[in-house]
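Visitor: Next comes the structure file target25.cif, holding mmCIF, C-alpha atoms.
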data_structure
#
loop_
_atom_site.group_PDB
_atom_site.id
_atom_site.type_symbol
_atom_site.label_atom_id
_atom_site.label_comp_id
_atom_site.auth_asym_id
_atom_site.auth_seq_id
_atom_site.Cartn_x
_atom_site.Cartn_y
_atom_site.Cartn_z
ATOM 1 C CA MET A 1 152.744 98.163 134.747
ATOM 2 C CA SER A 2 149.434 100.047 134.628
ATOM 3 C CA GLU A 3 146.913 100.126 131.819
ATOM 4 C CA GLN A 4 145.914 103.485 130.413
ATOM 5 C CA THR A 5 142.549 104.119 128.858
ATOM 6 C CA VAL A 6 142.537 106.617 126.048
ATOM 7 C CA VAL A 7 139.310 108.584 125.849
ATOM 8 C CA LYS A 8 138.571 110.160 122.500
ATOM 9 C CA PRO A 9 135.999 112.949 122.378
ATOM 10 C CA ARG A 10 133.066 112.338 120.077
ATOM 11 C CA THR A 11 133.377 114.508 117.053
ATOM 12 C CA GLY A 12 130.537 113.162 114.939
ATOM 13 C CA THR A 13 127.255 114.973 114.666
ATOM 14 C CA THR A 14 123.901 113.340 115.026
ATOM 15 C CA PRO A 15 121.888 113.827 111.840
ATOM 16 C CA LYS A 16 118.581 115.549 112.421
ATOM 17 C CA THR A 17 115.642 113.843 110.846
ATOM 18 C CA ALA A 18 113.597 116.226 108.776
ATOM 19 C CA ARG A 19 109.961 116.572 109.710
ATOM 20 C CA PRO A 20 107.619 115.279 107.043
ATOM 21 C CA PRO A 21 105.927 117.963 104.960
ATOM 22 C CA LEU A 22 102.498 118.909 106.255
ATOM 23 C CA TRP A 23 99.231 118.630 104.338
ATOM 24 C CA LYS A 24 96.027 120.613 104.749
ATOM 25 C CA VAL A 25 92.640 118.921 104.944
ATOM 26 C CA ILE A 26 90.071 121.164 103.268
ATOM 27 C CA LEU A 27 86.309 120.973 103.666
ATOM 28 C CA LEU A 28 84.461 121.854 100.456
ATOM 29 C CA ASN A 29 80.967 123.305 100.557
ATOM 30 C CA ASP A 30 78.056 121.619 98.831
ATOM 31 C CA ASP A 31 74.355 122.438 98.769
ATOM 32 C CA TYR A 32 73.152 118.971 99.777
ATOM 33 C CA THR A 33 74.947 117.729 102.903
ATOM 34 C CA PRO A 34 73.049 118.907 106.018
ATOM 35 C CA ARG A 35 74.934 121.283 108.289
ATOM 36 C CA GLU A 36 74.271 119.109 111.336
ATOM 37 C CA PHE A 37 75.814 116.112 109.582
ATOM 38 C CA VAL A 38 78.940 118.111 108.663
ATOM 39 C CA VAL A 39 79.311 119.279 112.273
ATOM 40 C CA GLY A 40 78.941 115.669 113.464
ATOM 41 C CA VAL A 41 81.641 114.454 111.067
ATOM 42 C CA LEU A 42 84.024 117.222 112.154
ATOM 43 C CA LYS A 43 83.473 116.274 115.788
ATOM 44 C CA LYS A 44 83.916 112.551 115.188
ATOM 45 C CA VAL A 45 86.753 112.412 112.660
ATOM 46 C CA PHE A 46 88.675 115.567 113.572
ATOM 47 C CA ARG A 47 87.917 115.568 117.320
ATOM 48 C CA MET A 48 86.515 119.098 117.317
ATOM 49 C CA GLY A 49 84.266 120.571 119.943
ATOM 50 C CA GLU A 50 80.747 121.657 118.998
ATOM 51 C CA GLU A 51 81.579 125.373 118.646
ATOM 52 C CA ARG A 52 84.740 124.841 116.603
ATOM 53 C CA ALA A 53 83.028 122.326 114.301
ATOM 54 C CA TYR A 54 80.118 124.698 113.720
ATOM 55 C CA ALA A 55 82.491 127.598 112.956
ATOM 56 C CA VAL A 56 84.464 125.489 110.442
ATOM 57 C CA MET A 57 81.258 124.307 108.753
ATOM 58 C CA LEU A 58 79.956 127.886 108.526
ATOM 59 C CA THR A 59 83.242 129.158 107.072
ATOM 60 C CA ALA A 60 83.143 126.464 104.365
ATOM 61 C CA HIS A 61 79.491 127.315 103.702
ATOM 62 C CA ARG A 62 80.196 131.027 103.298
ATOM 63 C CA ARG A 63 83.536 130.889 101.493
ATOM 64 C CA GLY A 64 83.187 127.639 99.559
ATOM 65 C CA ALA A 65 86.012 125.886 101.423
ATOM 66 C CA CYS A 66 87.766 125.873 104.782
ATOM 67 C CA VAL A 67 91.009 124.353 106.049
ATOM 68 C CA ILE A 68 90.033 121.912 108.793
ATOM 69 C CA ALA A 69 93.445 120.846 110.058
ATOM 70 C CA VAL A 70 97.054 120.194 109.070
ATOM 71 C CA TYR A 71 98.694 116.770 109.404
ATOM 72 C CA ALA A 72 101.388 114.560 107.913
ATOM 73 C CA ARG A 73 100.235 113.455 104.451
ATOM 74 C CA ASP A 74 99.106 109.930 105.347
ATOM 75 C CA ILE A 75 97.067 111.139 108.326
ATOM 76 C CA ALA A 76 95.494 113.961 106.295
ATOM 77 C CA GLU A 77 94.463 111.583 103.524
ATOM 78 C CA THR A 78 93.163 108.977 105.975
ATOM 79 C CA LYS A 79 90.996 111.505 107.835
ATOM 80 C CA ALA A 80 89.631 113.021 104.608
ATOM 81 C CA THR A 81 88.757 109.557 103.304
ATOM 82 C CA GLU A 82 87.141 108.552 106.607
ATOM 83 C CA ALA A 83 84.940 111.673 106.600
ATOM 84 C CA MET A 84 83.861 111.135 102.993
ATOM 85 C CA GLU A 85 83.089 107.445 103.672
ATOM 86 C CA LEU A 86 80.790 108.445 106.549
ATOM 87 C CA ALA A 87 78.963 110.829 104.198
ATOM 88 C CA LYS A 88 78.784 108.255 101.418
ATOM 89 C CA GLU A 89 77.130 105.763 103.805
ATOM 90 C CA LYS A 90 74.357 108.339 104.360
ATOM 91 C CA GLY A 91 74.135 109.264 100.677
ATOM 92 C CA TYR A 92 75.661 112.733 101.042
ATOM 93 C CA PRO A 93 78.167 114.209 98.562
ATOM 94 C CA LEU A 94 80.415 115.711 101.274
ATOM 95 C CA ALA A 95 83.857 116.373 99.796
ATOM 96 C CA LEU A 96 87.206 117.030 101.405
ATOM 97 C CA SER A 97 90.541 117.497 99.709
ATOM 98 C CA THR A 98 94.157 117.461 100.803
ATOM 99 C CA GLU A 99 97.002 119.602 99.548
ATOM 100 C CA PRO A 100 100.518 120.435 100.679
ATOM 101 C CA GLU A 101 100.893 123.270 103.119
ATOM 102 C CA GLU A 102 103.077 126.024 101.714
#
As C-alpha coordinates - that is how I would like this structure written.

Guide:
Amino acid sequence: MSEQTVVKPRTGTTPKTARPPLWKVILLNDDYTPREFVVGVLKKVFRMGEERAYAVMLTAHRRGACVIAVYARDIAETKATEAMELAKEKGYPLALSTEPEE
(Lines of atoms letter the chains of each structure in order from A and count residues from 1; the text may use other names and numbers.)
(Lines give C-alpha, C1' and ligand atoms only; values in the text may rest on other atoms or scores of the structure.)
Protein backbone atom coordinates (compact mmCIF):
# COMPACT_ATOMS: atom_id res chain seq x y z
CA MET A 1 0.00 0.00 0.00
CA SER A 2 1.43 3.42 -0.89
CA GLU A 3 0.73 6.73 0.79
CA GLN A 4 -0.54 9.57 -1.35
CA THR A 5 0.10 13.18 -0.51
CA VAL A 6 -2.64 15.56 -1.51
CA VAL A 7 -1.34 18.99 -2.45
CA LYS A 8 -3.86 21.79 -2.25
CA PRO A 9 -3.08 25.02 -4.09
CA ARG A 10 -2.99 28.12 -1.93
CA THR A 11 -6.01 30.21 -2.62
CA GLY A 12 -5.66 32.84 0.08
CA THR A 13 -4.35 36.28 -0.68
CA THR A 14 -1.71 38.03 1.33
CA PRO A 15 -3.10 41.30 2.69
CA LYS A 16 -1.10 44.32 1.65
CA THR A 17 -0.19 46.62 4.46
CA ALA A 18 -1.13 50.18 3.69
CA ARG A 19 1.66 52.72 3.78
CA PRO A 20 1.27 55.25 6.56
CA PRO A 21 0.05 58.66 5.46
CA LEU A 22 2.86 61.12 4.82
CA TRP A 23 3.36 64.44 6.59
CA LYS A 24 5.12 67.57 5.37
CA VAL A 25 7.66 69.40 7.51
CA ILE A 26 7.36 73.13 6.81
CA LEU A 27 9.94 75.78 7.63
CA LEU A 28 8.34 79.09 8.62
CA ASN A 29 10.15 82.37 8.06
CA ASP A 30 10.92 84.74 10.91
CA ASP A 31 12.87 87.99 11.02
CA TYR A 32 15.15 86.99 13.90
CA THR A 33 16.79 83.61 13.27
CA PRO A 34 20.06 84.12 11.32
CA ARG A 35 20.16 82.59 7.86
CA GLU A 36 23.40 80.76 8.62
CA PHE A 37 21.82 79.13 11.66
CA VAL A 38 18.81 77.97 9.62
CA VAL A 39 21.12 76.48 6.97
CA GLY A 40 23.08 74.69 9.72
CA VAL A 41 19.91 73.21 11.22
CA LEU A 42 18.71 72.01 7.81
CA LYS A 43 22.07 70.33 7.21
CA LYS A 44 22.19 68.71 10.64
CA VAL A 45 18.60 67.63 11.22
CA PHE A 46 17.44 67.03 7.65
CA ARG A 47 20.79 65.87 6.21
CA MET A 48 20.81 68.44 3.42
CA GLY A 49 23.83 69.57 1.50
CA GLU A 50 24.93 73.21 1.71
CA GLU A 51 23.31 74.28 -1.59
CA ARG A 52 19.99 72.56 -0.94
CA ALA A 53 19.79 73.92 2.62
CA TYR A 54 20.52 77.44 1.42
CA ALA A 55 17.86 77.17 -1.32
CA VAL A 56 15.24 75.93 1.18
CA MET A 57 16.09 78.72 3.63
CA LEU A 58 15.86 81.34 0.87
CA THR A 59 12.51 80.00 -0.35
CA ALA A 60 11.09 80.22 3.19
CA HIS A 61 12.54 83.73 3.52
CA ARG A 62 10.96 84.92 0.28
CA ARG A 63 7.62 83.12 0.44
CA GLY A 64 7.07 82.93 4.20
CA ALA A 65 7.25 79.13 4.33
CA CYS A 66 8.82 76.18 2.53
CA VAL A 67 8.23 72.43 2.62
CA ILE A 68 11.49 70.88 3.81
CA ALA A 69 10.70 67.19 3.47
CA VAL A 70 7.95 64.57 3.68
CA TYR A 71 8.03 61.70 6.19
CA ALA A 72 5.79 59.38 8.18
CA ARG A 73 4.04 61.44 10.87
CA ASP A 74 6.21 60.42 13.83
CA ILE A 75 9.44 61.11 11.94
CA ALA A 76 8.15 64.47 10.67
CA GLU A 77 7.16 65.57 14.16
CA THR A 78 10.42 64.34 15.69
CA LYS A 79 12.56 66.21 13.15
CA ALA A 80 10.53 69.42 13.49
CA THR A 81 10.83 69.26 17.28
CA GLU A 82 14.57 68.55 17.11
CA ALA A 83 15.14 71.57 14.85
CA MET A 84 13.11 73.88 17.09
CA GLU A 85 14.94 72.61 20.21
CA LEU A 86 18.29 73.47 18.60
CA ALA A 87 17.01 76.99 17.91
CA LYS A 88 15.55 77.35 21.39
CA GLU A 89 18.95 76.47 22.92
CA LYS A 90 20.42 79.45 21.03
CA GLY A 91 17.49 81.74 21.83
CA TYR A 92 16.08 81.83 18.29
CA PRO A 93 12.34 81.67 17.51
CA LEU A 94 12.77 79.28 14.55
CA ALA A 95 9.44 77.57 13.85
CA LEU A 96 8.56 74.49 11.86
CA SER A 97 5.17 72.89 11.44
CA THR A 98 3.89 69.55 10.22
CA GLU A 99 0.75 68.83 8.26
CA PRO A 100 -0.64 65.91 6.28
CA GLU A 101 0.38 65.67 2.67
CA GLU A 102 -2.63 65.78 0.38

Visitor: Do you know which residues the PyMOL selection byres ((chain A and resi 42) around 9) returns on this file, as a list in words?

Guide: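 That selection, the PyMOL selection byres ((chain A and resi 42) around 9), comes back as Phe37, Val38, Val39, Gly40, Val41, Lys43, Lys44, Val45, Phe46, Arg47, Met48, Gly49, Glu50, Arg52, Ala53, Tyr54, Val56, Met57, Ile68 and Ala83 of chain A.
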
Visitor: The PyMOL selection byres ((chain A and resi 27) around 12) on the file shown: which residues, as an MDAnalysis selection string?

Guide: chainID A and resid 24:26 28:30 33 38:39 41:42 46 53 56:69 76 79:81 83:84 93:99

Visitor: The selected residues should be written to file as a PDB file, in the frame of the given file (atoms: C-alpha atoms).

Guide:
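And here is the file that came out, result.pdb:
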ATOM      1  CA  LYS A  24      96.027 120.613 104.749  1.00  0.00           C
ATOM      2  CA  VAL A  25      92.640 118.921 104.944  1.00  0.00           C
ATOM      3  CA  ILE A  26      90.071 121.164 103.268  1.00  0.00           C
ATOM      4  CA  LEU A  28      84.461 121.854 100.456  1.00  0.00           C
ATOM      5  CA  ASN A  29      80.967 123.305 100.557  1.00  0.00           C
ATOM      6  CA  ASP A  30      78.056 121.619  98.831  1.00  0.00           C
ATOM      7  CA  THR A  33      74.947 117.729 102.903  1.00  0.00           C
ATOM      8  CA  VAL A  38      78.940 118.111 108.663  1.00  0.00           C
ATOM      9  CA  VAL A  39      79.311 119.279 112.273  1.00  0.00           C
ATOM     10  CA  VAL A  41      81.641 114.454 111.067  1.00  0.00           C
ATOM     11  CA  LEU A  42      84.024 117.222 112.154  1.00  0.00           C
ATOM     12  CA  PHE A  46      88.675 115.567 113.572  1.00  0.00           C
ATOM     13  CA  ALA A  53      83.028 122.326 114.301  1.00  0.00           C
ATOM     14  CA  VAL A  56      84.464 125.489 110.442  1.00  0.00           C
ATOM     15  CA  MET A  57      81.258 124.307 108.753  1.00  0.00           C
ATOM     16  CA  LEU A  58      79.956 127.886 108.526  1.00  0.00           C
ATOM     17  CA  THR A  59      83.242 129.158 107.072  1.00  0.00           C
ATOM     18  CA  ALA A  60      83.143 126.464 104.365  1.00  0.00           C
ATOM     19  CA  HIS A  61      79.491 127.315 103.702  1.00  0.00           C
ATOM     20  CA  ARG A  62      80.196 131.027 103.298  1.00  0.00           C
ATOM     21  CA  ARG A  63      83.536 130.889 101.493  1.00  0.00           C
ATOM     22  CA  GLY A  64      83.187 127.639  99.559  1.00  0.00           C
ATOM     23  CA  ALA A  65      86.012 125.886 101.423  1.00  0.00           C
ATOM     24  CA  CYS A  66      87.766 125.873 104.782  1.00  0.00           C
ATOM     25  CA  VAL A  67      91.009 124.353 106.049  1.00  0.00           C
ATOM     26  CA  ILE A  68      90.033 121.912 108.793  1.00  0.00           C
ATOM     27  CA  ALA A  69      93.445 120.846 110.058  1.00  0.00           C
ATOM     28  CA  ALA A  76      95.494 113.961 106.295  1.00  0.00           C
ATOM     29  CA  LYS A  79      90.996 111.505 107.835  1.00  0.00           C
ATOM     30  CA  ALA A  80      89.631 113.021 104.608  1.00  0.00           C
ATOM     31  CA  THR A  81      88.757 109.557 103.304  1.00  0.00           C
ATOM     32  CA  ALA A  83      84.940 111.673 106.600  1.00  0.00           C
ATOM     33  CA  MET A  84      83.861 111.135 102.993  1.00  0.00           C
ATOM     34  CA  PRO A  93      78.167 114.209  98.562  1.00  0.00           C
ATOM     35  CA  LEU A  94      80.415 115.711 101.274  1.00  0.00           C
ATOM     36  CA  ALA A  95      83.857 116.373  99.796  1.00  0.00           C
ATOM     37  CA  LEU A  96      87.206 117.030 101.405  1.00  0.00           C
ATOM     38  CA  SER A  97      90.541 117.497  99.709  1.00  0.00           C
ATOM     39  CA  THR A  98      94.157 117.461 100.803  1.00  0.00           C
ATOM     40  CA  GLU A  99      97.002 119.602  99.548  1.00  0.00           C
TER      41      GLU A  99
END

Visitor: So, counting only C-alpha atoms, which residue among A:Glu51, A:Glu77, A:Glu85, A:Glu36 is closest to Leu22 in chain A?

Guide: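 Checking each of A:Glu51, A:Glu77, A:Glu85, A:Glu36 against Leu22 in chain A, counting only C-alpha atoms, the winner is A:Glu77.
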
Visitor: What does the distance from CA of Glu82 in chain A to CA of Pro21 in chain A come to in Å, to one decimal?

Guide: 21.1 Å

Visitor: Which value, in Å to one decimal, gives the distance between CA of Asp31 in chain A and CA of Thr78 in chain A?

Guide: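 That distance, rounded to one decimal, is 24.2 Å.
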
Visitor: Find the smallest box with edges along x, y and z containing every listed atom of range 23-28 of chain A, then add 6 Å on each side and report centre and edge lengths in Å to one decimal, as lines of an AutoDock Vina configuration file.

Guide:
center_x = 91.8
center_y = 120.2
center_z = 102.7
size_x = 26.8
size_y = 15.2
size_z = 16.5
